[in-house]
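The file run03.cif comes next; it holds mmCIF, C-alpha atoms and all ligand atoms.
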data_upload
#
loop_
_atom_site.label_atom_id
_atom_site.label_comp_id
_atom_site.auth_asym_id
_atom_site.auth_seq_id
_atom_site.Cartn_x
_atom_site.Cartn_y
_atom_site.Cartn_z
CA MET X 1 0.00 0.00 0.00
CA THR X 2 1.28 3.45 -0.84
CA ALA X 3 0.96 6.37 1.53
CA ALA X 4 -1.62 9.01 0.76
CA VAL X 5 -1.04 12.49 -0.64
CA HIS X 6 -2.96 15.08 1.39
CA ARG X 7 -3.73 18.57 0.12
CA LEU X 8 -3.30 21.41 2.63
CA GLU X 9 -4.76 24.74 1.46
CA ILE X 10 -2.77 27.62 2.91
CA PRO X 11 -3.93 31.25 2.77
CA THR X 12 -1.79 33.85 0.97
CA PRO X 13 -2.06 37.67 0.78
CA PHE X 14 -1.94 37.42 -3.02
CA LEU X 15 -4.67 37.73 -5.66
CA VAL X 16 -4.34 34.02 -6.45
CA GLY X 17 -5.89 33.06 -3.09
CA ARG X 18 -4.89 29.86 -1.32
CA VAL X 19 -1.85 27.81 -2.25
CA ASN X 20 -1.79 24.01 -2.09
CA CYS X 21 0.89 22.22 -0.11
CA TYR X 22 1.01 18.42 -0.24
CA LEU X 23 1.80 16.09 2.65
CA LEU X 24 3.04 12.59 1.79
CA THR X 25 2.76 10.58 4.99
CA GLY X 26 5.13 7.69 4.22
CA ASP X 27 8.90 7.55 4.69
CA PRO X 28 10.49 10.10 4.37
CA LEU X 29 7.65 12.20 5.75
CA THR X 30 7.45 14.84 3.03
CA LEU X 31 5.91 18.27 2.52
CA VAL X 32 5.80 19.72 -1.00
CA ASP X 33 5.76 23.55 -0.75
CA THR X 34 5.21 25.51 2.44
CA GLY X 35 2.99 28.56 1.85
CA PRO X 36 4.09 32.18 2.32
CA ASN X 37 6.05 33.50 5.29
CA SER X 38 3.19 34.73 7.50
CA GLY X 39 1.74 33.86 10.90
CA THR X 40 -1.63 33.01 9.34
CA ALA X 41 -0.03 30.64 6.85
CA LEU X 42 2.07 28.96 9.55
CA ASP X 43 -0.99 28.50 11.81
CA THR X 44 -3.04 27.00 9.01
CA LEU X 45 -0.19 24.72 7.97
CA GLU X 46 0.30 23.46 11.54
CA GLN X 47 -3.44 22.77 11.88
CA GLY X 48 -3.50 21.00 8.54
CA LEU X 49 -0.53 18.83 9.47
CA ALA X 50 -2.01 18.10 12.93
CA ALA X 51 -5.18 16.75 11.28
CA HIS X 52 -2.93 13.98 9.94
CA GLY X 53 -1.09 13.54 13.24
CA VAL X 54 1.99 15.38 11.98
CA ALA X 55 3.95 18.23 13.59
CA ILE X 56 6.39 20.48 11.72
CA GLU X 57 9.18 18.94 13.82
CA ASP X 58 8.36 15.51 12.34
CA LEU X 59 8.97 16.51 8.70
CA GLU X 60 11.95 14.78 7.10
CA LEU X 61 11.91 16.26 3.60
CA VAL X 62 10.57 19.58 2.31
CA VAL X 63 10.44 19.98 -1.47
CA LEU X 64 10.03 23.29 -3.31
CA THR X 65 8.21 23.31 -6.66
CA HIS X 66 9.47 26.78 -7.71
CA GLN X 67 10.86 30.07 -6.48
CA HIS X 68 7.65 32.07 -5.86
CA MET X 69 7.12 33.22 -2.29
CA ASP X 70 3.57 31.87 -1.97
CA HIS X 71 5.16 28.41 -2.29
CA GLY X 72 8.45 28.69 -0.40
CA GLY X 73 8.05 31.50 2.14
CA LEU X 74 8.07 29.26 5.22
CA LEU X 75 11.12 27.23 4.13
CA GLU X 76 13.48 28.87 6.60
CA ILE X 77 11.21 28.44 9.66
CA ILE X 78 10.23 24.87 8.77
CA GLY X 79 13.82 23.94 7.97
CA ARG X 80 15.02 25.28 11.30
CA ARG X 81 12.28 23.65 13.36
CA SER X 82 12.31 20.26 11.66
CA GLY X 83 15.90 19.84 10.55
CA ALA X 84 14.33 18.32 7.41
CA GLU X 85 16.27 17.95 4.20
CA ILE X 86 15.34 20.87 1.90
CA ALA X 87 15.13 20.02 -1.80
CA ALA X 88 14.93 22.55 -4.64
CA PHE X 89 16.08 23.05 -8.24
CA ALA X 90 19.90 23.16 -8.17
CA PRO X 91 20.33 26.56 -9.94
CA LEU X 92 18.00 28.02 -7.30
CA VAL X 93 20.33 27.11 -4.40
CA PRO X 94 22.37 30.38 -4.43
CA TRP X 95 19.20 32.38 -5.15
CA LEU X 96 17.57 31.00 -1.99
CA ALA X 97 20.72 31.31 0.13
CA GLY X 98 20.96 35.04 -0.70
CA TYR X 99 17.22 35.65 -0.83
CA THR X 100 17.15 39.38 -0.02
CA ALA X 101 19.86 40.26 -2.55
CA SER X 102 18.24 37.93 -5.12
CA ALA X 103 14.82 39.54 -4.67
CA THR X 104 16.38 43.02 -4.97
CA ALA X 105 18.18 42.04 -8.19
CA ASP X 106 14.92 40.53 -9.54
CA ASP X 107 13.03 43.75 -8.76
CA ASN X 108 15.73 45.89 -10.43
CA PHE X 109 15.55 43.67 -13.50
CA ALA X 110 11.74 44.02 -13.54
CA GLN X 111 11.92 47.81 -13.23
CA ALA X 112 14.42 48.16 -16.08
CA LEU X 113 12.25 45.91 -18.25
CA MET X 114 9.13 47.95 -17.49
CA ARG X 115 10.88 51.22 -18.39
CA GLN X 116 12.22 49.76 -21.62
CA HIS X 117 8.73 48.66 -22.64
CA GLY X 118 7.00 51.96 -21.99
CA VAL X 119 5.62 51.71 -18.45
CA PRO X 120 5.61 55.30 -17.06
CA ASP X 121 8.16 56.09 -14.34
CA GLU X 122 5.59 56.81 -11.62
CA ILE X 123 4.00 53.37 -12.08
CA VAL X 124 7.43 51.69 -12.03
CA THR X 125 8.21 53.51 -8.76
CA VAL X 126 4.92 52.50 -7.09
CA LEU X 127 5.25 48.87 -8.18
CA GLY X 128 8.82 48.86 -6.84
CA LEU X 129 7.50 49.93 -3.43
CA VAL X 130 4.79 47.26 -3.54
CA ALA X 131 7.38 44.58 -4.39
CA THR X 132 9.56 45.69 -1.49
CA ALA X 133 6.58 45.60 0.88
CA TYR X 134 5.75 42.03 -0.14
CA ARG X 135 9.31 40.74 0.04
CA GLY X 136 8.90 39.56 3.64
CA TYR X 137 6.45 36.87 2.49
CA GLY X 138 9.47 35.04 1.09
CA SER X 139 12.50 33.80 2.98
CA LYS X 140 16.03 32.62 2.55
CA SER X 141 16.75 28.92 2.76
CA ASP X 142 19.70 26.59 2.80
CA VAL X 143 19.03 23.81 0.33
CA SER X 144 20.61 20.50 1.31
CA ARG X 145 19.29 18.49 -1.63
CA PRO X 146 19.80 20.21 -5.01
CA LEU X 147 17.56 18.67 -7.68
CA ALA X 148 18.13 18.28 -11.43
CA ASP X 149 15.93 17.22 -14.33
CA GLY X 150 15.68 13.41 -14.40
CA ASP X 151 16.59 12.85 -10.74
CA ALA X 152 14.85 10.09 -8.79
CA LEU X 153 13.24 11.37 -5.60
CA SER X 154 11.55 9.32 -2.91
CA MET X 155 8.73 11.20 -1.15
CA GLY X 156 6.49 9.52 1.43
CA GLY X 157 7.67 6.08 0.37
CA ARG X 158 6.71 6.71 -3.25
CA GLN X 159 9.09 6.96 -6.17
CA PHE X 160 9.02 10.12 -8.28
CA THR X 161 11.04 11.45 -11.19
CA VAL X 162 11.97 15.14 -11.07
CA LEU X 163 11.27 17.01 -14.31
CA HIS X 164 12.21 20.62 -15.11
CA ARG X 165 9.29 22.47 -16.73
CA PRO X 166 10.31 26.15 -16.98
CA GLY X 167 7.90 28.84 -18.11
CA HIS X 168 5.78 30.02 -15.18
CA SER X 169 9.16 30.59 -13.51
CA PRO X 170 12.67 29.49 -14.56
CA SER X 171 12.77 27.02 -11.64
CA ASP X 172 9.51 25.09 -12.08
CA LEU X 173 9.83 21.41 -11.21
CA VAL X 174 7.15 18.73 -11.49
CA PHE X 175 7.27 15.32 -9.82
CA PHE X 176 6.08 12.28 -11.77
CA GLU X 177 5.10 8.94 -10.23
CA GLU X 178 5.32 6.56 -13.16
CA GLN X 179 3.55 3.70 -11.38
CA THR X 180 0.30 5.65 -10.95
CA GLY X 181 0.62 8.45 -13.53
CA LEU X 182 0.40 11.02 -10.75
CA LEU X 183 2.06 14.39 -11.36
CA ILE X 184 2.68 16.86 -8.53
CA GLY X 185 2.77 19.88 -10.78
CA GLY X 186 3.23 23.10 -8.76
CA ASP X 187 2.06 26.02 -10.90
CA HIS X 188 3.03 24.39 -14.21
CA LEU X 189 -0.60 23.53 -14.91
CA ILE X 190 -3.54 25.01 -12.98
CA GLY X 191 -7.13 24.13 -13.79
CA HIS X 192 -9.08 27.30 -13.03
CA ILE X 193 -6.54 29.94 -14.12
CA SER X 194 -4.03 30.22 -16.93
CA SER X 195 -0.59 30.04 -15.33
CA ASN X 196 1.34 33.25 -16.20
CA ALA X 197 4.67 32.95 -17.96
CA ILE X 198 6.38 35.70 -15.97
CA VAL X 199 9.51 37.35 -17.36
CA THR X 200 12.10 36.57 -14.69
CA ARG X 201 15.75 37.47 -14.26
CA PRO X 202 17.80 34.43 -15.30
CA PHE X 203 19.96 32.73 -12.65
CA GLY X 204 23.53 34.02 -12.91
CA GLY X 205 24.57 34.56 -16.49
CA PRO X 206 25.78 37.82 -18.08
CA VAL X 207 23.74 40.96 -17.33
CA ASP X 208 23.53 41.83 -21.03
CA ALA X 209 22.08 38.41 -21.92
CA PRO X 210 19.07 38.63 -24.24
CA ARG X 211 15.65 39.01 -22.61
CA PRO X 212 14.31 35.67 -21.35
CA ARG X 213 11.41 34.27 -23.39
CA PRO X 214 9.26 32.51 -20.76
CA LEU X 215 6.21 31.87 -22.93
CA MET X 216 8.39 30.09 -25.50
CA ASP X 217 9.81 27.98 -22.65
CA TYR X 218 6.32 27.44 -21.26
CA VAL X 219 4.88 26.26 -24.57
CA ALA X 220 7.77 23.76 -24.91
CA SER X 221 7.16 22.60 -21.33
CA LEU X 222 3.42 22.18 -21.94
CA LYS X 223 4.15 20.11 -25.06
CA ALA X 224 6.45 17.84 -23.03
CA THR X 225 3.77 17.38 -20.38
CA ARG X 226 1.08 16.81 -23.00
CA ALA X 227 3.05 13.85 -24.33
CA MET X 228 2.97 12.12 -20.92
CA GLU X 229 0.42 9.56 -19.76
CA LEU X 230 -1.00 11.09 -16.59
CA SER X 231 -3.85 10.09 -14.30
CA GLU X 232 -4.00 13.33 -12.37
CA VAL X 233 -2.07 16.58 -11.87
CA LEU X 234 -2.00 17.95 -8.32
CA ALA X 235 -1.82 21.71 -8.88
CA GLY X 236 -0.27 24.48 -6.79
CA HIS X 237 -3.65 26.25 -6.66
CA GLY X 238 -7.19 24.85 -6.90
CA ASP X 239 -8.41 21.36 -7.70
CA PRO X 240 -6.50 18.53 -9.38
CA VAL X 241 -6.43 18.47 -13.18
CA THR X 242 -7.83 15.19 -14.49
CA ASP X 243 -7.61 15.78 -18.26
CA HIS X 244 -4.24 17.44 -18.79
CA ARG X 245 -4.36 17.14 -22.60
CA ALA X 246 -7.70 18.96 -22.93
CA LEU X 247 -6.46 21.70 -20.58
CA ILE X 248 -3.13 22.11 -22.38
CA ASP X 249 -4.93 22.30 -25.75
CA GLU X 250 -7.19 25.01 -24.31
CA ARG X 251 -4.16 26.98 -23.06
CA MET X 252 -2.45 26.70 -26.46
CA ARG X 253 -5.57 28.06 -28.17
CA LEU X 254 -5.67 30.96 -25.71
CA HIS X 255 -2.07 31.90 -26.56
CA GLU X 256 -2.81 31.76 -30.29
CA ARG X 257 -5.91 33.96 -29.87
CA ARG X 258 -3.95 36.54 -27.88
CA ALA X 259 -1.14 36.58 -30.44
CA ALA X 260 -3.69 37.15 -33.22
CA LYS X 261 -5.28 39.99 -31.26
CA ILE X 262 -1.88 41.66 -30.82
CA MET X 263 -1.15 41.29 -34.54
CA ALA X 264 -4.40 43.10 -35.30
CA MET X 265 -3.55 45.94 -32.88
CA LEU X 266 -0.11 46.41 -34.44
CA SER X 267 -1.47 46.53 -37.99
CA SER X 268 -2.24 50.29 -37.80
CA GLU X 269 0.79 51.59 -35.83
CA PRO X 270 3.86 50.45 -33.85
CA LEU X 271 3.13 50.18 -30.11
CA THR X 272 5.04 49.47 -26.91
CA ALA X 273 4.24 46.33 -24.95
CA HIS X 274 2.70 48.51 -22.22
CA GLN X 275 0.43 50.26 -24.74
CA LEU X 276 -0.68 46.86 -26.00
CA ALA X 277 -1.39 45.72 -22.42
CA GLY X 278 -3.47 48.88 -21.86
CA ARG X 279 -5.56 48.17 -24.96
CA ILE X 280 -6.15 44.57 -23.87
CA TRP X 281 -6.68 44.98 -20.12
CA GLY X 282 -7.42 48.69 -19.50
CA ASN X 283 -6.65 49.76 -15.93
CA VAL X 284 -5.39 46.29 -14.96
CA ALA X 285 -2.37 47.09 -17.15
CA VAL X 286 -1.57 49.81 -14.59
CA THR X 287 -2.23 47.97 -11.31
CA GLN X 288 -0.70 44.73 -12.65
CA ALA X 289 1.77 46.39 -15.01
CA TYR X 290 4.45 43.70 -14.72
CA LEU X 291 2.18 40.68 -15.12
CA THR X 292 0.36 42.15 -18.10
CA LEU X 293 3.68 43.25 -19.63
CA SER X 294 4.96 39.68 -19.23
CA GLU X 295 1.83 38.35 -20.96
CA VAL X 296 2.17 40.73 -23.91
CA LEU X 297 5.91 40.12 -24.30
CA GLY X 298 5.22 36.38 -24.27
CA HIS X 299 2.82 36.65 -27.19
CA ILE X 300 5.13 39.09 -28.96
CA ASP X 301 7.89 36.45 -28.62
CA LEU X 302 5.68 33.89 -30.39
CA LEU X 303 5.21 36.44 -33.21
CA LEU X 304 8.91 37.40 -33.30
CA ALA X 305 9.83 33.72 -33.62
CA ARG X 306 7.53 33.50 -36.67
CA ALA X 307 8.93 36.79 -38.06
CA ARG X 308 5.43 38.29 -37.99
CA VAL X 309 6.56 41.30 -35.92
CA ALA X 310 9.84 43.19 -35.45
CA GLU X 311 11.32 45.36 -32.70
CA VAL X 312 11.95 49.07 -33.19
CA ASN X 313 14.17 50.64 -30.55
CA ASP X 314 14.52 54.43 -30.39
CA GLY X 315 17.25 54.21 -27.74
CA ARG X 316 14.74 54.76 -24.93
CA VAL X 317 11.74 52.49 -25.43
CA THR X 318 11.06 49.44 -27.56
CA ARG X 319 8.07 49.38 -29.90
CA PHE X 320 6.80 46.53 -32.03
CA ARG X 321 5.55 46.64 -35.58
CA THR X 322 4.23 44.13 -38.08
CA THR X 323 6.65 42.91 -40.74
ZN ZN X 401 1.69 29.90 -6.99
#

Taking this structure as input, can you express it in the form of structure tokens?
Amino acid sequence: MTAAVHRLEIPTPFLVGRVNCYLLTGDPLTLVDTGPNSGTALDTLEQGLAAHGVAIEDLELVVLTHQHMDHGGLLEIIGRRSGAEIAAFAPLVPWLAGYTASATADDNFAQALMRQHGVPDEIVTVLGLVATAYRGYGSKSDVSRPLADGDALSMGGRQFTVLHRPGHSPSDLVFFEEQTGLLIGGDHLIGHISSNAIVTRPFGGPVDAPRPRPLMDYVASLKATRAMELSEVLAGHGDPVTDHRALIDERMRLHERRAAKIMAMLSSEPLTAHQLAGRIWGNVAVTQAYLTLSEVLGHIDLLLARARVAEVNDGRVTRFRTT
């Protein structure tokens, strides 16, 4: 008999609502993701664990699906209290060890990207303050078990294969149990919302490296997941996904529709990515300037790859035009 996988729904201060952590009660006693670094999240997590007769101190392995703070914010506290092994994507190890500096560098990258793509200075400044205010929901962590694509990982007495599925973030991992077809998927695939492919500062690498293309990565990752035989995907938010192929097909169609819409908008005049976001989402392009910018740039990247659009840079901002 295999141990059960229990879903613990932990509150977050973010728009996305609750985040799912998963408890695997076999040996090693494993928690996948922790929730954000807040008293409310910690309380809820402790109550959720207690319902299965588990205390934080009992945990033997804590696994991080990706770098976002709603998933890994309690890593430091849980690691200290439990002495559990902490497992995360290997390139993320220095990022987590120097969390505050990493988050600052990420925010600086985001601000430069916003300016380059036409987001007004006052919005960039306000969003910078918001990002700083939220930073405390994350935490540093010392990873003792760096993970790589293809690794075998035993969680709760069950055998999983670690797979790297970048796109939503550069560090997204999913965990595949071949015997049952179960996939613990983090935010790679979410049923009720389309997972954003957020433009994220690459780990290390030269500062003048070309802009990351997360939607291109995400589409490749979705194709790889689509090819798998899966019984169920346990998502980082909301209910399990039972028909991953239908959902992936729906997501692919959404990206194609958005790309077509952007093509139509560019047919009359060159526009910045922020102008495009404003035409698609109105005021949301202001309050969520970075997310909407990431979305637009993702679709632009699909069009750039097909040579349907080109970049025009006037030395200050980048605009896009049809070819
Ligand atoms: Zn998430």

Given only C-alpha atoms as the basis, pick out the residue of X:Val309, X:Asp107, X:Arg7, X:Ala55 nearest to Leu129 (chain X). X:Asp107

Just give me the gap between CA of Leu234 (chain X) and CA of Gly185 (chain X) in Å, one decimal is fine.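 Spanning CA of Leu234 (chain X) to CA of Gly185 (chain X) is a straight-line distance of 5.7 Å.
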
The residues within 7 Å of (6.2, 28.7, 2.8), using all atoms listed in the file and the coordinates of the file, should be reported as an MDAnalysis selection string; which are they? chainID X and resid 33:37 69:75

Using 9 Å as the limit and counting all atoms listed in the file, can you tabulate each residue of chain X that touches ligand ZN 401 (chain X), with its shortest atom-to-atom distance in Å and the two atoms involved, as JSON lines?
{"residue": "X:Val16", "atom": "CA", "partner": "X:ZN401", "partner_atom": "ZN", "distance": 7.3}
{"residue": "X:Arg18", "atom": "CA", "partner": "X:ZN401", "partner_atom": "ZN", "distance": 8.7}
{"residue": "X:Val19", "atom": "CA", "partner": "X:ZN401", "partner_atom": "ZN", "distance": 6.3}
{"residue": "X:Asn20", "atom": "CA", "partner": "X:ZN401", "partner_atom": "ZN", "distance": 8.4}
{"residue": "X:His66", "atom": "CA", "partner": "X:ZN401", "partner_atom": "ZN", "distance": 8.4}
{"residue": "X:His68", "atom": "CA", "partner": "X:ZN401", "partner_atom": "ZN", "distance": 6.4}
{"residue": "X:Met69", "atom": "CA", "partner": "X:ZN401", "partner_atom": "ZN", "distance": 7.9}
{"residue": "X:Asp70", "atom": "CA", "partner": "X:ZN401", "partner_atom": "ZN", "distance": 5.7}
{"residue": "X:His71", "atom": "CA", "partner": "X:ZN401", "partner_atom": "ZN", "distance": 6.0}
{"residue": "X:Gly186", "atom": "CA", "partner": "X:ZN401", "partner_atom": "ZN", "distance": 7.2}
{"residue": "X:Asp187", "atom": "CA", "partner": "X:ZN401", "partner_atom": "ZN", "distance": 5.5}
{"residue": "X:Ser195", "atom": "CA", "partner": "X:ZN401", "partner_atom": "ZN", "distance": 8.6}
{"residue": "X:Gly236", "atom": "CA", "partner": "X:ZN401", "partner_atom": "ZN", "distance": 5.8}
{"residue": "X:His237", "atom": "CA", "partner": "X:ZN401", "partner_atom": "ZN", "distance": 6.5}

Could you check the closest approach to Ser141 (chain X) for each of X:Val5, X:Ala273, X:Ala51, X:Val63 and tell me which residue wins, using only C-alpha atoms?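 When distances to Ser141 (chain X) are compared using only C-alpha atoms, the smallest one comes from X:Val63.
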
Counting all atoms listed in the file, which residue out of X:His117, X:Arg251, X:Arg245, X:Arg165 sits closest to Arg319 (chain X)? X:His117

Quick one: residues within 8 Å of region 39-48 of chain X, only C-alpha atoms counted, chain neighbours fewer than 6 positions away excluded, as a count of residues only? 8

Give as JSON, numbers by chain each residue that has an atom at most 12 Å from (4.0, 2.4, -11.9) in the file, counting all atoms listed in the file. {"X": [2, 158, 159, 160, 161, 176, 177, 178, 179, 180, 181, 182, 229, 230, 231]}

One-decimal distance in Å that lies between CA of Thr318 (chain X) and CA of Thr272 (chain X): 6.1 Å

Do you have the CA of Ala285 (chain X)-CA of Thr322 (chain X) distance handy? 22.1 Å

Counting only C-alpha atoms, the residue of X:Leu147, X:Val130, X:Ile86, X:Ser171 that sits nearest Pro202 (chain X):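 Checking each candidate against Pro202 (chain X), we get X:Ser171 as the closest.
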
If you count only C-alpha atoms, which residues fall within 9 Å of Arg316 (chain X), apart from same-chain ones fewer than 4 positions away, as a short mmCIF file (atom, residue, chain, number, x, y, z; two decimals) with C-alpha atoms, keeping the file's coordinate frame?
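What landed in out38.cif:
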data_model
loop_
_atom_site.label_atom_id
_atom_site.label_comp_id
_atom_site.auth_asym_id
_atom_site.auth_seq_id
_atom_site.Cartn_x
_atom_site.Cartn_y
_atom_site.Cartn_z
CA ARG X 115 10.88 51.22 -18.39
CA GLN X 116 12.22 49.76 -21.62
CA HIS X 117 8.73 48.66 -22.64
CA GLY X 118 7.00 51.96 -21.99
#

Please tabulate, as a tab-separated table, the residues of region 124-210 of chain X that come within 12 Å of region 58-62 of chain X, each with its closest pair of atoms and the distance in Å to one decimal, counting all atoms listed in the file and ordering rows by chain, then residue number upward.
residue	atom	partner	partner_atom	distance
X:Ser141	CA	X:Val62	CA	11.2
X:Asp142	CA	X:Val62	CA	11.5
X:Val143	CA	X:Val62	CA	9.7
X:Ser144	CA	X:Leu61	CA	9.9
X:Arg145	CA	X:Leu61	CA	9.3
X:Pro146	CA	X:Val62	CA	11.8
X:Leu153	CA	X:Leu61	CA	10.5
X:Ser154	CA	X:Leu61	CA	9.5
X:Met155	CA	X:Leu61	CA	7.6
X:Gly156	CA	X:Leu61	CA	8.9
X:Gly157	CA	X:Leu61	CA	11.5

Closest atom pairs, region 86-172 of chain X residues within 9 Å of region 219-227 of chain X, all atoms listed in the file, as a Markdown table:
| residue | atom | partner | partner_atom | distance |
| --- | --- | --- | --- | --- |
| X:His164 | CA | X:Ser221 | CA | 8.3 |
| X:Arg165 | CA | X:Ser221 | CA | 5.1 |
| X:Pro166 | CA | X:Ser221 | CA | 6.4 |
| X:Gly167 | CA | X:Ser221 | CA | 7.1 |

Out of X:Cys21, X:Ala3, X:Ile300, X:Met114, which residue has the shortest atom-to-atom distance to Gly238 (chain X) when counting all atoms listed in the file?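 Looking at the shortest contact to Gly238 (chain X), the residue is X:Cys21.
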
Selection: 12 Å around Asp121 (chain X), all atoms listed in the file, excl. self and same-chain fewer than 5 positions, as a list in words: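 The filter keeps Gln111, Ala112, Leu113, Met114, Arg115, Gln116, Val126, Leu127, Gly128, Val286 and Ala289 of chain X.
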